[in-house]
>>> print(open('protein-v2.csv').read())   # CSV, C-alpha atoms
chain,number,residue,atom,x,y,z
U,1,MET,CA,-82.3,104.5,-27.8
U,2,ASN,CA,-79.0,106.4,-27.4
U,3,ASP,CA,-76.1,105.0,-25.5
U,4,PRO,CA,-75.1,106.7,-22.2
U,5,VAL,CA,-72.7,109.6,-22.5
U,6,ARG,CA,-69.2,108.6,-21.4
U,7,PRO,CA,-68.2,110.7,-18.4
U,8,ARG,CA,-64.8,112.5,-18.1
U,9,ARG,CA,-62.7,110.5,-15.7
U,10,ASN,CA,-59.2,111.6,-14.8
U,11,PHE,CA,-56.9,108.8,-13.9
U,12,TYR,CA,-53.9,109.6,-11.7
U,13,GLY,CA,-52.3,106.3,-10.7
U,14,ARG,CA,-49.6,104.2,-12.4
U,15,LEU,CA,-50.6,102.0,-15.3
U,16,LYS,CA,-47.2,100.3,-15.9
U,17,GLY,CA,-43.9,100.0,-14.0
U,18,LYS,CA,-40.7,98.3,-14.9
U,19,ALA,CA,-40.4,96.0,-17.9
U,20,LEU,CA,-42.4,92.8,-17.6
U,21,LYS,CA,-40.6,89.4,-17.4
U,22,LYS,CA,-41.1,87.0,-20.3
U,23,SER,CA,-43.2,84.8,-18.1
U,24,GLN,CA,-45.4,87.7,-17.1
U,25,LYS,CA,-46.0,88.7,-20.7
U,26,ALA,CA,-47.1,85.1,-21.3
U,27,TYR,CA,-49.6,85.2,-18.4
U,28,LEU,CA,-51.1,88.4,-19.9
U,29,ASP,CA,-51.3,86.9,-23.4
U,30,GLU,CA,-52.5,83.5,-22.4
U,31,ASP,CA,-54.6,83.9,-19.3
U,32,LEU,CA,-56.1,87.4,-18.9
U,33,GLY,CA,-58.8,87.1,-21.6
U,34,ALA,CA,-60.3,84.0,-20.1
U,35,LEU,CA,-60.6,85.7,-16.7
U,36,SER,CA,-62.6,88.7,-18.0
U,37,PRO,CA,-65.8,89.3,-16.0
U,38,GLY,CA,-67.4,90.5,-19.3
U,39,ALA,CA,-67.6,93.6,-21.4
U,40,VAL,CA,-66.5,96.4,-19.0
U,41,SER,CA,-64.8,99.1,-21.1
U,42,TRP,CA,-66.7,101.8,-22.9
U,43,GLU,CA,-65.3,100.6,-26.2
U,44,GLU,CA,-66.7,97.1,-25.6
U,45,ASN,CA,-69.9,98.1,-23.9
U,46,PRO,CA,-71.0,101.6,-24.9
U,47,ALA,CA,-74.6,100.8,-23.7
U,48,ARG,CA,-73.2,99.9,-20.3
U,49,ALA,CA,-75.2,96.7,-20.2
U,50,PRO,CA,-74.9,95.0,-16.8
U,51,LEU,CA,-72.5,92.1,-16.5
U,52,ASP,CA,-74.0,88.6,-16.3
U,53,LEU,CA,-72.8,87.5,-12.9
U,54,PRO,CA,-74.9,84.3,-12.7
U,55,GLY,CA,-73.4,83.3,-16.0
U,56,LEU,CA,-69.9,84.0,-14.6
U,57,PHE,CA,-70.2,82.5,-11.1
U,58,GLY,CA,-73.5,80.7,-11.0
U,59,ASP,CA,-75.4,81.2,-7.8
U,60,ARG,CA,-72.3,81.9,-5.7
U,61,PRO,CA,-72.1,85.2,-3.8
U,62,VAL,CA,-69.9,87.8,-5.5
U,63,TRP,CA,-67.0,89.6,-3.7
U,64,LEU,CA,-64.9,92.5,-5.1
U,65,GLU,CA,-61.4,93.6,-4.4
U,66,ILE,CA,-60.6,97.1,-5.5
U,67,GLY,CA,-56.9,97.6,-6.3
U,68,PHE,CA,-55.5,94.2,-5.6
U,69,GLY,CA,-51.8,95.1,-5.9
U,70,GLY,CA,-49.8,91.9,-6.5
U,71,GLY,CA,-52.8,89.7,-5.8
U,72,GLU,CA,-51.7,88.0,-2.6
U,73,HIS,CA,-54.9,88.7,-0.7
U,74,LEU,CA,-57.2,88.1,-3.7
U,75,VAL,CA,-55.8,84.6,-4.4
U,76,HIS,CA,-55.8,83.8,-0.6
U,77,GLN,CA,-59.5,84.6,-0.4
U,78,ALA,CA,-60.3,82.7,-3.6
U,79,ALA,CA,-58.6,79.6,-2.3
U,80,ALA,CA,-60.2,79.9,1.2
U,81,ASN,CA,-63.7,80.5,-0.2
U,82,PRO,CA,-64.3,78.3,-3.2
U,83,ASP,CA,-68.1,78.8,-2.8
U,84,VAL,CA,-67.6,82.5,-3.6
U,85,GLY,CA,-66.9,84.3,-6.9
U,86,ILE,CA,-64.4,87.1,-6.6
U,87,ILE,CA,-63.7,90.0,-9.1
U,88,GLY,CA,-60.4,91.7,-8.8
U,89,CYS,CA,-59.9,95.2,-10.2
U,90,GLU,CA,-56.5,96.7,-10.8
U,91,PRO,CA,-55.2,99.1,-13.5
U,92,TYR,CA,-51.5,98.6,-12.8
U,93,ILE,CA,-50.5,96.0,-15.4
U,94,ASN,CA,-47.5,94.8,-13.5
U,95,GLY,CA,-49.7,93.9,-10.6
U,96,VAL,CA,-52.1,92.1,-12.9
U,97,ALA,CA,-49.3,90.0,-14.3
U,98,MET,CA,-48.2,89.1,-10.8
U,99,LEU,CA,-51.7,88.1,-10.0
U,100,LEU,CA,-52.0,85.8,-13.0
U,101,GLY,CA,-48.8,84.0,-12.0
U,102,ARG,CA,-50.3,83.5,-8.5
U,103,ILE,CA,-53.5,82.2,-10.0
U,104,ARG,CA,-51.6,79.6,-12.1
U,105,ARG,CA,-49.6,78.4,-9.1
U,106,ALA,CA,-52.7,78.3,-6.7
U,107,GLY,CA,-55.0,76.7,-9.3
U,108,VAL,CA,-58.0,78.7,-8.2
U,109,SER,CA,-60.9,79.0,-10.7
U,110,ASN,CA,-63.4,81.3,-8.9
U,111,LEU,CA,-61.8,84.6,-9.9
U,112,ALA,CA,-62.4,87.2,-12.6
U,113,VAL,CA,-60.1,90.1,-13.4
U,114,HIS,CA,-60.7,93.6,-14.7
U,115,PRO,CA,-57.4,95.2,-15.6
U,116,GLY,CA,-58.6,98.8,-15.4
U,117,ASP,CA,-60.4,101.6,-13.6
U,118,ALA,CA,-62.9,100.5,-10.9
U,119,ARG,CA,-65.3,103.2,-11.9
U,120,ASP,CA,-65.8,101.5,-15.3
U,121,LEU,CA,-66.5,98.3,-13.5
U,122,PHE,CA,-69.0,100.0,-11.2
U,123,ASP,CA,-70.9,101.2,-14.3
U,124,VAL,CA,-71.7,97.6,-15.4
U,125,LEU,CA,-72.1,95.7,-12.1
U,126,PRO,CA,-75.8,95.1,-11.4
U,127,GLU,CA,-77.3,97.0,-8.5
U,128,ALA,CA,-77.0,95.3,-5.1
U,129,SER,CA,-75.0,92.4,-6.6
U,130,VAL,CA,-71.9,92.4,-4.5
U,131,ALA,CA,-71.8,90.8,-1.0
U,132,ARG,CA,-68.4,91.9,0.2
U,133,ALA,CA,-65.8,94.5,-1.0
U,134,PHE,CA,-62.1,95.1,-0.1
U,135,LEU,CA,-60.1,98.2,-0.3
U,136,LEU,CA,-56.6,97.3,1.0
U,137,TYR,CA,-53.8,99.8,1.2
U,138,PRO,CA,-55.1,102.1,-1.5
U,139,ASP,CA,-52.8,104.8,-2.9
U,140,PRO,CA,-52.6,107.3,0.0
U,141,TRP,CA,-52.1,110.5,-2.1
U,142,PRO,CA,-50.4,112.1,1.0
U,143,LYS,CA,-50.4,115.7,-0.2
U,144,ALA,CA,-53.5,117.6,1.0
U,145,ARG,CA,-54.2,119.0,-2.5
U,146,HIS,CA,-54.4,115.4,-3.8
U,147,HIS,CA,-56.8,114.0,-1.2
U,148,ARG,CA,-59.7,114.4,-3.7
U,149,ARG,CA,-57.9,111.6,-5.7
U,150,ARG,CA,-58.3,109.1,-2.9
U,151,PHE,CA,-60.8,106.3,-3.3
U,152,VAL,CA,-62.8,107.3,-0.3
U,153,THR,CA,-64.6,110.2,-2.0
U,154,GLU,CA,-68.1,110.6,-3.4
U,155,GLU,CA,-67.0,109.8,-6.9
U,156,HIS,CA,-66.2,106.2,-5.9
U,157,LEU,CA,-68.3,105.7,-2.8
U,158,VAL,CA,-71.7,106.4,-4.4
U,159,PRO,CA,-71.3,103.8,-7.2
U,160,LEU,CA,-69.8,101.3,-4.7
U,161,ALA,CA,-72.8,101.7,-2.4
U,162,ARG,CA,-75.1,101.1,-5.4
U,163,VAL,CA,-73.5,97.8,-6.3
U,164,LEU,CA,-73.3,96.4,-2.7
U,165,LYS,CA,-76.2,94.4,-1.3
U,166,PRO,CA,-77.8,95.7,1.9
U,167,GLY,CA,-75.8,94.3,4.7
U,168,ALA,CA,-72.7,93.8,2.6
U,169,ILE,CA,-69.4,94.2,4.3
U,170,PHE,CA,-66.8,96.7,3.1
U,171,ARG,CA,-63.3,96.3,4.5
U,172,VAL,CA,-60.7,99.0,4.4
U,173,ALA,CA,-57.0,98.6,5.4
U,174,THR,CA,-54.5,101.4,5.5
U,175,ASP,CA,-51.4,102.4,7.4
U,176,ILE,CA,-51.9,106.1,6.8
U,177,GLU,CA,-53.5,107.9,9.7
U,178,ASP,CA,-55.0,110.7,7.7
U,179,TYR,CA,-56.5,108.2,5.3
U,180,VAL,CA,-58.2,106.6,8.3
U,181,ARG,CA,-59.6,110.0,9.2
U,182,GLN,CA,-60.9,110.7,5.8
U,183,THR,CA,-62.4,107.2,5.5
U,184,LEU,CA,-64.2,107.5,8.8
U,185,GLU,CA,-65.5,110.9,7.8
U,186,GLU,CA,-66.6,110.1,4.3
U,187,VAL,CA,-67.7,106.4,4.1
U,188,PRO,CA,-70.6,106.7,6.5
U,189,LYS,CA,-72.1,109.6,4.4
U,190,PHE,CA,-72.9,107.2,1.6
U,191,GLY,CA,-74.9,104.4,3.2
U,192,PHE,CA,-72.3,102.7,5.4
U,193,GLU,CA,-72.1,102.0,9.1
U,194,TRP,CA,-68.8,101.6,10.9
U,195,LEU,CA,-68.9,98.4,12.9
U,196,ALA,CA,-66.2,99.0,15.5
U,197,GLU,CA,-67.1,98.7,19.2
U,198,GLY,CA,-63.6,99.1,20.7
U,199,PRO,CA,-60.0,99.7,19.7
U,200,GLU,CA,-59.2,96.1,18.9
U,201,ASP,CA,-61.8,96.3,16.1
U,202,TRP,CA,-59.5,98.5,14.1
U,203,ARG,CA,-56.1,97.5,15.6
U,204,ALA,CA,-56.4,93.7,15.1
U,205,PRO,CA,-56.5,92.2,11.6
U,206,TRP,CA,-59.5,90.2,10.4
U,207,GLU,CA,-59.4,86.5,11.3
U,208,ASP,CA,-59.0,85.5,7.6
U,209,TRP,CA,-56.4,88.2,6.9
U,210,LEU,CA,-53.3,87.6,4.8
U,211,SER,CA,-50.6,90.2,5.5
U,212,THR,CA,-49.4,91.6,2.1
U,213,ARG,CA,-45.9,92.7,1.0
U,214,TYR,CA,-47.1,96.3,1.3
U,215,GLU,CA,-48.2,95.8,4.9
U,216,GLN,CA,-44.9,94.1,5.8
U,217,LYS,CA,-43.1,97.1,4.4
U,218,ALA,CA,-45.3,99.5,6.4
U,219,LEU,CA,-44.6,97.6,9.6
U,220,ARG,CA,-40.9,97.6,9.0
U,221,GLU,CA,-41.1,101.4,8.5
U,222,GLY,CA,-43.0,101.9,11.8
U,223,ARG,CA,-46.5,102.6,10.4
U,224,ARG,CA,-49.4,101.0,12.2
U,225,PRO,CA,-52.1,99.2,10.1
U,226,HIS,CA,-55.7,100.0,10.7
U,227,TYR,CA,-58.5,97.6,9.8
U,228,LEU,CA,-61.9,99.3,9.3
U,229,THR,CA,-65.0,97.3,8.8
U,230,PHE,CA,-68.2,98.9,7.4
U,231,ARG,CA,-71.7,97.5,6.6
U,232,ARG,CA,-73.9,98.7,3.8
U,233,THR,CA,-77.1,99.9,5.4
>>> encode(input="protein-v2.csv", output="structure tokens")
Amino acid sequence: MNDPVRPRRNFYGRLKGKALKKSQKAYLDEDLGALSPGAVSWEENPARAPLDLPGLFGDRPVWLEIGFGGGEHLVHQAAANPDVGIIGCEPYINGVAMLLGRIRRAGVSNLAVHPGDARDLFDVLPEASVARAFLLYPDPWPKARHHRRRFVTEEHLVPLARVLKPGAIFRVATDIEDYVRQTLEEVPKFGFEWLAEGPEDWRAPWEDWLSTRYEQKALREGRRPHYLTFRRT
């Protein structure tokens, strides 16, 4: 039986920023491999065999954070929910290094980390295997001609819907009003229901929310955060 054909996937975000500190290089060398969720890349897994999530987390529910930035929220959720297994996905290696330092300091052990494209991870997550997903302050791609690069497009939402369980919660936080518009237009097209009943449902953060460095910057610059909650139908 032939392996699946690797799709063409353009990647537009940053993979690396300023030079890593010596300690951050050590985190990557010493810790990242042990936190792998399994064979995700096309080189490791050309057959796109599904990940063994029970082998990774036992019978714990699985959550997913797409683009975890510096990892503040991811580690916060892992520490607050030890009965859950959480996979974080982030292609920006500086952010991955920051996360690994936070994991060491917090001592959490219910995390897995994919340092790459979320679309590759979606390929190998079993269908209806994820109970909650987070998309927090994604790259806004503000120019109109770049809106197709945003996460809230068919290319990402179709595979996300495939891996979420029926009834799973999908949280989106953004400070960009046009991103809110596109999210509300596109996400419901692909098997999601927006759960808001009144303005406070998108103006007030979730009860278990941890405000990130990016959100604090947005608030200082006068941009209002929006907190959107969807349910997989």
>>> closest_residue(input="protein-v2.csv", among="U:Pro140, U:Gly198, U:Gly85, U:Pro46", to="Tyr179 (chain U)", atoms="all atoms listed in the file")
U:Pro140
>>> atom_distance(input="protein-v2.csv", atom1="CA of His114 (chain U)", atom2="CA of Asn45 (chain U)")
13.8 Å
>>> closest_atom_pairs(input="protein-v2.csv", of="region 135-159 of chain U", to="region 60-83 of chain U", cutoff="8 Å", atoms="only C-alpha atoms", output="CSV")
residue,atom,partner,partner_atom,distance
U:Leu135,CA,U:Ile66,CA,5.3
U:Leu136,CA,U:Gly67,CA,7.3
U:Pro138,CA,U:Gly67,CA,6.8
>>> atom_distance(input="protein-v2.csv", atom1="CA of Leu32 (chain U)", atom2="CA of Asp59 (chain U)")
23.1 Å
>>> atom_distance(input="protein-v2.csv", atom1="CA of Asn2 (chain U)", atom2="CA of Glu154 (chain U)")
26.7 Å
>>> closest_residue(input="protein-v2.csv", among="U:Val172, U:Val152, U:Pro166, U:Arg48", to="Pro126 (chain U)", atoms="all atoms listed in the file")
U:Arg48
>>> closest_residue(input="protein-v2.csv", among="U:Leu164, U:Leu28, U:Ile176, U:Ala118", to="Lys143 (chain U)", atoms="all atoms listed in the file")
U:Ile176
>>> decode(input="protein-v2.csv", residues="region 29-55 of chain U", atoms="N, CA, C and O atoms", output="PDB file, in the first residue's frame")
ATOM      1  N   ASP U  29      17.950  20.903  23.571  1.00  0.00           N
ATOM      2  CA  ASP U  29      18.770  19.699  23.433  1.00  0.00           C
ATOM      3  C   ASP U  29      18.364  18.613  24.425  1.00  0.00           C
ATOM      4  O   ASP U  29      18.345  17.426  24.089  1.00  0.00           O
ATOM      5  N   GLU U  30      18.019  19.035  25.631  1.00  0.00           N
ATOM      6  CA  GLU U  30      17.831  18.060  26.713  1.00  0.00           C
ATOM      7  C   GLU U  30      16.381  17.650  26.932  1.00  0.00           C
ATOM      8  O   GLU U  30      16.126  16.534  27.400  1.00  0.00           O
ATOM      9  N   ASP U  31      15.426  18.537  26.616  1.00  0.00           N
ATOM     10  CA  ASP U  31      14.041  18.281  27.018  1.00  0.00           C
ATOM     11  C   ASP U  31      13.061  18.032  25.881  1.00  0.00           C
ATOM     12  O   ASP U  31      12.074  17.326  26.065  1.00  0.00           O
ATOM     13  N   LEU U  32      13.309  18.631  24.716  1.00  0.00           N
ATOM     14  CA  LEU U  32      12.289  18.618  23.674  1.00  0.00           C
ATOM     15  C   LEU U  32      11.967  17.212  23.190  1.00  0.00           C
ATOM     16  O   LEU U  32      10.790  16.869  23.003  1.00  0.00           O
ATOM     17  N   GLY U  33      12.979  16.385  22.980  1.00  0.00           N
ATOM     18  CA  GLY U  33      12.733  15.042  22.456  1.00  0.00           C
ATOM     19  C   GLY U  33      11.809  14.225  23.342  1.00  0.00           C
ATOM     20  O   GLY U  33      10.920  13.507  22.850  1.00  0.00           O
ATOM     21  N   ALA U  34      11.983  14.328  24.642  1.00  0.00           N
ATOM     22  CA  ALA U  34      11.167  13.546  25.577  1.00  0.00           C
ATOM     23  C   ALA U  34       9.721  14.017  25.613  1.00  0.00           C
ATOM     24  O   ALA U  34       8.844  13.275  26.076  1.00  0.00           O
ATOM     25  N   LEU U  35       9.465  15.230  25.134  1.00  0.00           N
ATOM     26  CA  LEU U  35       8.111  15.776  25.156  1.00  0.00           C
ATOM     27  C   LEU U  35       7.377  15.583  23.833  1.00  0.00           C
ATOM     28  O   LEU U  35       6.267  16.087  23.667  1.00  0.00           O
ATOM     29  N   SER U  36       7.965  14.852  22.912  1.00  0.00           N
ATOM     30  CA  SER U  36       7.327  14.639  21.614  1.00  0.00           C
ATOM     31  C   SER U  36       6.028  13.854  21.765  1.00  0.00           C
ATOM     32  O   SER U  36       5.964  12.887  22.529  1.00  0.00           O
ATOM     33  N   PRO U  37       4.979  14.239  21.034  1.00  0.00           N
ATOM     34  CA  PRO U  37       3.741  13.449  21.066  1.00  0.00           C
ATOM     35  C   PRO U  37       3.827  12.171  20.242  1.00  0.00           C
ATOM     36  O   PRO U  37       2.905  11.355  20.257  1.00  0.00           O
ATOM     37  N   GLY U  38       4.916  12.010  19.501  1.00  0.00           N
ATOM     38  CA  GLY U  38       5.077  10.864  18.609  1.00  0.00           C
ATOM     39  C   GLY U  38       5.555  11.338  17.250  1.00  0.00           C
ATOM     40  O   GLY U  38       5.973  12.490  17.077  1.00  0.00           O
ATOM     41  N   ALA U  39       5.488  10.448  16.277  1.00  0.00           N
ATOM     42  CA  ALA U  39       5.977  10.754  14.933  1.00  0.00           C
ATOM     43  C   ALA U  39       4.956  11.628  14.202  1.00  0.00           C
ATOM     44  O   ALA U  39       3.896  11.154  13.799  1.00  0.00           O
ATOM     45  N   VAL U  40       5.300  12.899  14.022  1.00  0.00           N
ATOM     46  CA  VAL U  40       4.389  13.859  13.397  1.00  0.00           C
ATOM     47  C   VAL U  40       4.858  14.251  12.004  1.00  0.00           C
ATOM     48  O   VAL U  40       4.054  14.339  11.070  1.00  0.00           O
ATOM     49  N   SER U  41       6.137  14.494  11.835  1.00  0.00           N
ATOM     50  CA  SER U  41       6.632  15.009  10.564  1.00  0.00           C
ATOM     51  C   SER U  41       6.478  13.978   9.454  1.00  0.00           C
ATOM     52  O   SER U  41       6.401  12.768   9.694  1.00  0.00           O
ATOM     53  N   TRP U  42       6.454  14.471   8.216  1.00  0.00           N
ATOM     54  CA  TRP U  42       6.351  13.577   7.063  1.00  0.00           C
ATOM     55  C   TRP U  42       7.593  12.712   6.927  1.00  0.00           C
ATOM     56  O   TRP U  42       7.507  11.580   6.421  1.00  0.00           O
ATOM     57  N   GLU U  43       8.732  13.202   7.362  1.00  0.00           N
ATOM     58  CA  GLU U  43       9.958  12.405   7.290  1.00  0.00           C
ATOM     59  C   GLU U  43       9.896  11.228   8.260  1.00  0.00           C
ATOM     60  O   GLU U  43      10.288  10.109   7.925  1.00  0.00           O
ATOM     61  N   GLU U  44       9.390  11.475   9.459  1.00  0.00           N
ATOM     62  CA  GLU U  44       9.282  10.416  10.466  1.00  0.00           C
ATOM     63  C   GLU U  44       8.125   9.461  10.182  1.00  0.00           C
ATOM     64  O   GLU U  44       8.195   8.278  10.515  1.00  0.00           O
ATOM     65  N   ASN U  45       7.048   9.998   9.614  1.00  0.00           N
ATOM     66  CA  ASN U  45       5.800   9.246   9.512  1.00  0.00           C
ATOM     67  C   ASN U  45       5.158   9.452   8.141  1.00  0.00           C
ATOM     68  O   ASN U  45       4.101  10.069   8.030  1.00  0.00           O
ATOM     69  N   PRO U  46       5.801   8.942   7.087  1.00  0.00           N
ATOM     70  CA  PRO U  46       5.237   9.158   5.750  1.00  0.00           C
ATOM     71  C   PRO U  46       3.889   8.482   5.540  1.00  0.00           C
ATOM     72  O   PRO U  46       3.108   8.913   4.699  1.00  0.00           O
ATOM     73  N   ALA U  47       3.602   7.439   6.315  1.00  0.00           N
ATOM     74  CA  ALA U  47       2.311   6.748   6.191  1.00  0.00           C
ATOM     75  C   ALA U  47       1.201   7.491   6.911  1.00  0.00           C
ATOM     76  O   ALA U  47       0.029   7.164   6.742  1.00  0.00           O
ATOM     77  N   ARG U  48       1.556   8.518   7.698  1.00  0.00           N
ATOM     78  CA  ARG U  48       0.610   9.316   8.489  1.00  0.00           C
ATOM     79  C   ARG U  48      -0.183   8.432   9.449  1.00  0.00           C
ATOM     80  O   ARG U  48      -1.403   8.565   9.621  1.00  0.00           O
ATOM     81  N   ALA U  49       0.528   7.514  10.089  1.00  0.00           N
ATOM     82  CA  ALA U  49      -0.091   6.653  11.093  1.00  0.00           C
ATOM     83  C   ALA U  49      -0.540   7.505  12.274  1.00  0.00           C
ATOM     84  O   ALA U  49       0.181   8.418  12.708  1.00  0.00           O
ATOM     85  N   PRO U  50      -1.719   7.252  12.837  1.00  0.00           N
ATOM     86  CA  PRO U  50      -2.216   8.075  13.941  1.00  0.00           C
ATOM     87  C   PRO U  50      -1.336   7.976  15.186  1.00  0.00           C
ATOM     88  O   PRO U  50      -0.747   6.923  15.473  1.00  0.00           O
ATOM     89  N   LEU U  51      -1.272   9.068  15.922  1.00  0.00           N
ATOM     90  CA  LEU U  51      -0.550   9.074  17.186  1.00  0.00           C
ATOM     91  C   LEU U  51      -1.249   8.173  18.195  1.00  0.00           C
ATOM     92  O   LEU U  51      -2.477   8.022  18.189  1.00  0.00           O
ATOM     93  N   ASP U  52      -0.463   7.601  19.098  1.00  0.00           N
ATOM     94  CA  ASP U  52      -0.994   6.745  20.160  1.00  0.00           C
ATOM     95  C   ASP U  52      -1.263   7.616  21.393  1.00  0.00           C
ATOM     96  O   ASP U  52      -0.436   7.707  22.297  1.00  0.00           O
ATOM     97  N   LEU U  53      -2.408   8.244  21.415  1.00  0.00           N
ATOM     98  CA  LEU U  53      -2.709   9.151  22.524  1.00  0.00           C
ATOM     99  C   LEU U  53      -2.915   8.415  23.850  1.00  0.00           C
ATOM    100  O   LEU U  53      -2.475   8.911  24.892  1.00  0.00           O
ATOM    101  N   PRO U  54      -3.550   7.229  23.881  1.00  0.00           N
ATOM    102  CA  PRO U  54      -3.611   6.494  25.157  1.00  0.00           C
ATOM    103  C   PRO U  54      -2.223   6.129  25.676  1.00  0.00           C
ATOM    104  O   PRO U  54      -1.984   6.156  26.890  1.00  0.00           O
ATOM    105  N   GLY U  55      -1.299   5.802  24.766  1.00  0.00           N
ATOM    106  CA  GLY U  55       0.057   5.527  25.205  1.00  0.00           C
ATOM    107  C   GLY U  55       0.758   6.757  25.739  1.00  0.00           C
ATOM    108  O   GLY U  55       1.654   6.657  26.587  1.00  0.00           O
TER     109      GLY U  55
END
